[in-house]
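Just below is one structure, and these are the notes that go with it.
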Amino acid sequence: MNILLLGGTRFVGRHIAEAALQRGHQVSTFTRGTNPLPGTESLVGDRKKGDLGALEGRTWDAVVDVNGYLPREVREAVGVLQGQVGRYAFISTVSVYRESAAPLDENAPLQTLADPTVEEVTPETYGGLKVLCELEVERAFGERSLVVRPHLVVGPRDPTDRFTYWPRRFAGGGRVLVPGKPENTLQFVDARDLGQFVILGLEKGLSGAYNAASTPVTWGHLVKACQQATANPAEAVWADEQWLLDNQVTPWADLPAWIPSFAPGRGLGQIQNARAQAAGFSMRPLEQTVQDTLAWDKTRSESLRAGMSREREFELLQLLV
């Protein structure tokens, strides 16, 4: 196939493009000219400014929309590409679901916005805006549309460090603060598994929505995988969830990927992936994701962009002694 990738060549889009190239497809990327990908055709524009001229007069077998966050922007892209592409794959998010409805499959109730014209992407509007973006694609392409709803996307090249935090912390030795109990669970999706599923979906002509999320893994499994990935691993110090909240530890921000087991948003840790698995979605072992993420992390010198500081963690660990 000849595939057009709209934006996002740094992380998710990069892994989608690499999956396409590995399977012998041709890839064109539409970006602002940053992070060009070897082996792809680079088209330059800026959808946020309505600059889509580079897409006019061209045809592709499929398009993968990686960075559609506002329905207006998606509507504009659809307007240009309708009649020029065969299939439209939209990368959405599991945040489209109402968190109170768990466990969550593709038919679970979706978020709504009090003001559907809002164009400010915040934690409160993100899911609802993605729902409206999905609708723009579905209205235009119908059975030729594919919506993939990934969970927390992790792995090499992740610019957010929301998963990288854990392999790096355990590789640093000492003691690491871990939320809850070893049997509590979390979910995510390796960006490479996501990329392969998106391309597989286009090849198979899949339509409708699919949750791209790992089967839940335990925090104990994650800790063990992180410890096994390094020569001198840190010790895990498990902290009661309510104690963490009482000490102003913010879920997801201070301890990445943590959703308290009793929190209203715990449904986002119970995303069902049966439909995607039946369509060919596969997950590499957690150990491989951890090892590859740590190996990539060692190639850079940046400070972590997610999680609490070492100083704050030390203060909390002292309170647990």
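Residue names in the structure tokens use chain letters A, B, ... in the order shown, residue numbers from 1 in each chain, and ligand numbers from 1 in the order shown.
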
### Message
Give me, as a list in words, all polymer residues having an atom no more than 8 Å from range 36-51 of chain A, counting only C-alpha atoms and skipping those fewer than 5 positions away in the same chain.
### Response
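Near neighbours after the sequence-gap exclusion: Thr9, Arg14, Leu21, Gln26, Val27, Ser28, Thr29, Phe30, Thr31, Glu73, Glu76 and Ala77 of chain A.
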
### Close residues, Gly83 in chain A itself excluded, 10 Å, only C-alpha atoms, min 3 positions apart in chain, as a PyMOL selection string
chain A and resi 58-60+78-80+86-87+140-141

Okay, now the selection with N, CA, C and O atoms, as a CSV table (one decimal), in the first residue's frame?
```
chain,number,residue,atom,x,y,z
A,58,ARG,N,-3.1,14.5,-4.6
A,58,ARG,CA,-2.4,13.3,-4.4
A,58,ARG,C,-3.4,12.2,-4.0
A,58,ARG,O,-4.4,12.5,-3.5
A,59,THR,N,-3.0,11.0,-4.3
A,59,THR,CA,-3.9,9.8,-3.8
A,59,THR,C,-3.0,8.8,-3.0
A,59,THR,O,-1.8,8.7,-3.3
A,60,TRP,N,-3.7,8.2,-2.1
A,60,TRP,CA,-3.0,7.2,-1.2
A,60,TRP,C,-4.0,6.1,-1.0
A,60,TRP,O,-5.3,6.3,-1.0
A,78,VAL,N,-10.0,15.7,6.5
A,78,VAL,CA,-11.0,14.8,5.8
A,78,VAL,C,-11.5,15.5,4.6
A,78,VAL,O,-11.7,14.8,3.5
A,79,GLY,N,-11.8,16.8,4.7
A,79,GLY,CA,-12.3,17.5,3.5
A,79,GLY,C,-11.3,17.5,2.3
A,79,GLY,O,-11.7,17.4,1.2
A,80,VAL,N,-10.0,17.5,2.6
A,80,VAL,CA,-9.0,17.5,1.6
A,80,VAL,C,-8.8,16.1,1.0
A,80,VAL,O,-8.7,15.8,-0.2
A,86,GLY,N,-8.2,5.7,0.2
A,86,GLY,CA,-9.1,4.5,0.3
A,86,GLY,C,-9.6,4.3,1.7
A,86,GLY,O,-10.8,4.1,1.9
A,87,ARG,N,-8.7,4.4,2.7
A,87,ARG,CA,-9.1,4.1,4.1
A,87,ARG,C,-8.5,5.1,5.0
A,87,ARG,O,-7.5,5.7,4.7
A,140,ALA,N,-17.4,10.6,7.4
A,140,ALA,CA,-16.8,10.8,6.1
A,140,ALA,C,-16.5,9.5,5.4
A,140,ALA,O,-16.7,9.3,4.2
A,141,PHE,N,-16.0,8.5,6.2
A,141,PHE,CA,-15.5,7.3,5.6
A,141,PHE,C,-16.3,6.1,5.9
A,141,PHE,O,-16.0,5.0,5.3
```

### Message
Need the shell around Val178 in chain A: protein/DNA/RNA residues with any atom at most 8 Å away, counting only C-alpha atoms. Skip same-chain ones fewer than 4 positions apart. Format as number ranges by chain?
### Response
A: 236-239, 255

### Task
Give the answer as one residue: which of A:Ser95, A:Thr117, A:Thr122, A:Gln248 has the shortest atom-to-atom distance to Gly267 in chain A, using only C-alpha atoms?
A:Ser95

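In this structure, CA of Ala231 in chain A sits 25.3 Å away from CA of Phe188 in chain A.
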
### Query
What residues in range 108-301 of chain A get the DSSP label strand (DSSP E)? Please answer as a ChimeraX atom specification.
/A:145-150,153-154,175-179,185-186,189-190,208-212,217-218,235-239

### Task
Do a neighbour search on Phe262 in chain A at 12 Å with only C-alpha atoms, toss out local chain neighbours closer than 3 positions, and write the hits as a ChimeraX atom specification.
/A:100,180,184,240-242,245,251,258-259,265-269

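Counting from CA of Ala234 in chain A, the distance to CA of Arg169 in chain A is 7.5 Å.
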
Sorted by chain and rising residue number, which residues of range 102-201 of chain A lie within 7 Å of range 271-281 of chain A, and what are their closest atom pairs and distances in Å to one decimal, counting only C-alpha atoms, as a tab-separated table?
```
residue	atom	partner	partner_atom	distance
A:Pro103	CA	A:Ile271	CA	6.0
A:Leu104	CA	A:Ile271	CA	4.9
A:Asp105	CA	A:Gln272	CA	5.0
A:Phe197	CA	A:Phe281	CA	5.4
```

For range 215-221 of chain A: contacts at 6 Å, only C-alpha atoms, fewer than 4 positions along chain excluded, given as a PDB file with N, CA and C atoms, in the first residue's frame:
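Wrote around.pdb, looks like this:
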```
ATOM      1  N   PRO A 182       1.568  -5.509  45.265  1.00  0.00           N
ATOM      2  CA  PRO A 182       2.098  -6.185  44.070  1.00  0.00           C
ATOM      3  C   PRO A 182       1.015  -6.762  43.164  1.00  0.00           C
ATOM      4  N   GLU A 183      -0.132  -7.124  43.725  1.00  0.00           N
ATOM      5  CA  GLU A 183      -1.191  -7.730  42.915  1.00  0.00           C
ATOM      6  C   GLU A 183      -2.067  -6.705  42.197  1.00  0.00           C
ATOM      7  N   ASN A 184      -1.932  -5.427  42.507  1.00  0.00           N
ATOM      8  CA  ASN A 184      -2.675  -4.399  41.777  1.00  0.00           C
ATOM      9  C   ASN A 184      -2.199  -4.364  40.324  1.00  0.00           C
ATOM     10  N   THR A 185      -3.052  -3.875  39.435  1.00  0.00           N
ATOM     11  CA  THR A 185      -2.732  -3.958  38.013  1.00  0.00           C
ATOM     12  C   THR A 185      -2.620  -2.583  37.340  1.00  0.00           C
ATOM     13  N   LEU A 186      -1.992  -2.601  36.179  1.00  0.00           N
ATOM     14  CA  LEU A 186      -1.901  -1.422  35.322  1.00  0.00           C
ATOM     15  C   LEU A 186      -1.964  -1.890  33.874  1.00  0.00           C
ATOM     16  N   GLN A 187      -2.166  -0.942  32.961  1.00  0.00           N
ATOM     17  CA  GLN A 187      -2.241  -1.254  31.542  1.00  0.00           C
ATOM     18  C   GLN A 187      -1.466  -0.231  30.734  1.00  0.00           C
TER      19      GLN A 187
END
```

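Distances to Ala212 in chain A were evaluated for A:Ser309, A:Thr93, A:Ser303, A:Thr230 using only C-alpha atoms, and the minimum falls at A:Thr93.
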
### Task
Rank A:Asp246, A:Glu287, A:Glu235, A:Asp61 by their smallest atom-to-atom distance to Gly172 in chain A, using only C-alpha atoms, and report the top residue only.
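Nearest to Gly172 in chain A: A:Glu235.
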